[in-house]
Amino acid sequence: MVELPIGECAFSGPRFILRKPGVVAVWIAAQVLINVAGSVAMIAVMGGPLQQMMRASADRANPQAALAAMAALAPAYMVSLAISLVIYSVIYAAMNRAILRPGEGRFAYLRLGGDEFRQGVLMITFGFLGLLVYIAAVIVGAIVVAIIGVIAGVMNAPFVSVIMMVVLFAGIFALYAFLG
């Protein structure tokens, strides 16, 4: 197992940028091209349904129309999500490879293989874990705020509930920062 000191890790990115700015430029150009191409493709493929959804969303009296328009867009969003997962898995794995295995630098460290697959699985896992933590934090927070709201109502101190909501929001933010 490789041991990496914290200081070494913290400054490895800036050192890499100074050492190999061309590789970083390739990564930036690739991401810009992919984002522009993806946006153009998204508008070309989903332009009409997106406009329908915007019109349906504006009509507050008929939420079923907005849901129907969103359902029509769901397959395209799933394809877009899968493509994004592959793209970001390749980019993140390339960044890790550039630092951890600098000798494998051909094609700007960009590959599509086992490392990228594992990076994608890791991203999906973190996404689900983040969702679970969010749901748990909201449930626990809602229970705590409800209890404190009842106590504040009995004590005739409504500002306590507002303060608790702010503290809860800050706590959830701190939890996500810690997990990040």
# chains A, B, ... in the order shown; residues from 1 in each chain; ligands from 1
>>> residues_around(residues="range 128-133 of chain A", least_positions_apart="4", cutoff="12 Å", atoms="only C-alpha atoms", output="number ranges by chain")
A: 121-124, 137-141, 172-173, 175-180
>>> select_by_dssp(residues="range 4-165 of chain A", states="alpha helix (DSSP H)", output="ChimeraX atom specification")
/A:6-10,12-19,21-58,63-100,114-154,159-165
>>> write_last_selection(atoms="C-alpha atoms", output="compact mmCIF listing (two decimals), in the first residue's frame")
# COMPACT_ATOMS: atom_id res chain seq x y z
CA ILE A 6 -1.25 15.02 3.58
CA GLY A 7 1.05 17.84 2.44
CA GLU A 8 2.09 15.85 -0.59
CA CYS A 9 -1.54 15.25 -1.53
CA ALA A 10 -2.63 18.84 -0.93
CA SER A 12 0.10 17.54 -5.92
CA GLY A 13 -2.51 19.18 -8.18
CA PRO A 14 -0.85 22.59 -8.47
CA ARG A 15 2.55 20.92 -8.95
CA PHE A 16 1.11 18.76 -11.72
CA ILE A 17 -0.40 21.79 -13.45
CA LEU A 18 2.97 23.55 -13.40
CA ARG A 19 4.80 20.43 -14.54
CA PRO A 21 0.16 22.28 -18.40
CA GLY A 22 -0.43 20.67 -21.81
CA VAL A 23 -2.18 17.68 -20.25
CA VAL A 24 -4.44 19.96 -18.23
CA ALA A 25 -5.19 21.94 -21.40
CA VAL A 26 -6.22 18.70 -23.13
CA TRP A 27 -8.54 17.86 -20.22
CA ILE A 28 -10.07 21.34 -20.33
CA ALA A 29 -10.51 21.26 -24.10
CA ALA A 30 -12.05 17.78 -23.93
CA GLN A 31 -14.54 18.84 -21.27
CA VAL A 32 -15.48 22.04 -23.12
CA LEU A 33 -15.99 20.14 -26.38
CA ILE A 34 -18.01 17.43 -24.69
CA ASN A 35 -20.18 19.97 -22.84
CA VAL A 36 -20.82 22.04 -25.96
CA ALA A 37 -21.57 18.92 -28.04
CA GLY A 38 -23.81 17.57 -25.29
CA SER A 39 -25.72 20.84 -25.02
CA VAL A 40 -26.21 21.06 -28.77
CA ALA A 41 -27.34 17.42 -28.91
CA MET A 42 -29.68 17.93 -25.94
CA ILE A 43 -31.31 20.94 -27.57
CA ALA A 44 -31.55 19.17 -30.94
CA VAL A 45 -33.06 16.00 -29.48
CA MET A 46 -35.14 17.45 -26.66
CA GLY A 47 -35.84 21.02 -27.74
CA GLY A 48 -39.55 20.46 -28.39
CA PRO A 49 -40.24 18.43 -25.25
CA LEU A 50 -38.26 20.95 -23.17
CA GLN A 51 -40.43 23.78 -24.50
CA GLN A 52 -43.56 21.76 -23.72
CA MET A 53 -42.33 21.20 -20.18
CA MET A 54 -41.61 24.90 -19.72
CA ARG A 55 -45.11 25.81 -20.93
CA ALA A 56 -46.69 23.09 -18.77
CA SER A 57 -44.69 24.22 -15.72
CA ALA A 58 -45.97 27.77 -16.17
CA PRO A 63 -49.58 19.86 -12.77
CA GLN A 64 -50.34 16.62 -14.66
CA ALA A 65 -49.25 18.27 -17.91
CA ALA A 66 -45.87 19.18 -16.38
CA LEU A 67 -45.44 15.62 -15.07
CA ALA A 68 -46.32 14.18 -18.50
CA ALA A 69 -43.78 16.47 -20.16
CA MET A 70 -41.14 15.43 -17.60
CA ALA A 71 -41.93 11.76 -18.23
CA ALA A 72 -41.36 12.31 -21.95
CA LEU A 73 -37.90 13.71 -21.16
CA ALA A 74 -36.91 10.93 -18.73
CA PRO A 75 -35.29 8.57 -21.30
CA ALA A 76 -33.13 11.35 -22.71
CA TYR A 77 -32.11 12.40 -19.20
CA MET A 78 -31.11 8.81 -18.40
CA VAL A 79 -28.94 8.63 -21.52
CA SER A 80 -27.41 11.99 -20.63
CA LEU A 81 -26.75 10.78 -17.08
CA ALA A 82 -25.02 7.62 -18.35
CA ILE A 83 -22.85 9.60 -20.77
CA SER A 84 -21.93 12.07 -18.03
CA LEU A 85 -20.99 9.22 -15.72
CA VAL A 86 -18.63 7.79 -18.33
CA ILE A 87 -17.09 11.18 -19.14
CA TYR A 88 -16.48 12.15 -15.52
CA SER A 89 -15.21 8.67 -14.67
CA VAL A 90 -12.63 8.99 -17.46
CA ILE A 91 -11.59 12.51 -16.39
CA TYR A 92 -11.36 11.68 -12.65
CA ALA A 93 -9.46 8.45 -13.31
CA ALA A 94 -7.07 10.38 -15.57
CA MET A 95 -6.41 12.89 -12.80
CA ASN A 96 -5.76 10.11 -10.30
CA ARG A 97 -3.56 8.24 -12.78
CA ALA A 98 -1.55 11.39 -13.51
CA ILE A 99 -0.62 11.72 -9.84
CA LEU A 100 -0.39 8.09 -8.77
CA GLY A 114 -11.02 -0.99 -15.33
CA ASP A 115 -9.87 2.10 -13.45
CA GLU A 116 -12.61 4.16 -15.09
CA PHE A 117 -15.20 1.49 -14.33
CA ARG A 118 -14.19 1.47 -10.66
CA GLN A 119 -14.29 5.28 -10.61
CA GLY A 120 -17.83 5.21 -12.01
CA VAL A 121 -18.94 2.65 -9.42
CA LEU A 122 -17.38 4.83 -6.73
CA MET A 123 -19.23 7.91 -8.01
CA ILE A 124 -22.56 6.02 -8.04
CA THR A 125 -21.89 4.66 -4.55
CA PHE A 126 -21.07 8.11 -3.20
CA GLY A 127 -24.20 9.50 -4.84
CA PHE A 128 -26.42 6.92 -3.16
CA LEU A 129 -24.65 7.31 0.18
CA GLY A 130 -25.09 11.08 -0.07
CA LEU A 131 -28.79 10.61 -0.78
CA LEU A 132 -29.18 8.26 2.20
CA VAL A 133 -27.33 10.67 4.50
CA TYR A 134 -29.50 13.54 3.26
CA ILE A 135 -32.72 11.60 3.86
CA ALA A 136 -31.58 10.53 7.34
CA ALA A 137 -30.49 14.07 8.22
CA VAL A 138 -33.81 15.55 7.07
CA ILE A 139 -35.84 12.97 8.99
CA VAL A 140 -33.83 13.40 12.19
CA GLY A 141 -33.81 17.17 11.74
CA ALA A 142 -37.57 17.32 11.17
CA ILE A 143 -38.19 15.29 14.31
CA VAL A 144 -35.87 17.51 16.36
CA VAL A 145 -37.42 20.70 14.96
CA ALA A 146 -40.94 19.38 15.60
CA ILE A 147 -40.10 18.54 19.22
CA ILE A 148 -38.44 21.90 19.78
CA GLY A 149 -41.35 23.61 18.02
CA VAL A 150 -43.80 22.03 20.45
CA ILE A 151 -41.62 23.02 23.40
CA ALA A 152 -41.22 26.55 22.00
CA GLY A 153 -45.01 26.77 21.52
CA VAL A 154 -45.60 25.77 25.12
CA PHE A 159 -38.14 32.49 17.57
CA VAL A 160 -36.59 29.30 18.99
CA SER A 161 -38.00 27.30 16.05
CA VAL A 162 -36.45 29.70 13.58
CA ILE A 163 -33.09 29.49 15.32
CA MET A 164 -33.31 25.69 15.31
CA MET A 165 -34.02 25.66 11.56
>>> atom_distance(atom1="CA of Arg106 in chain A", atom2="CA of Glu3 in chain A")
25.2 Å
>>> atom_distance(atom1="CA of Leu112 in chain A", atom2="CA of Phe11 in chain A")
26.7 Å
>>> atom_distance(atom1="CA of Leu110 in chain A", atom2="CA of Lys20 in chain A")
14.2 Å
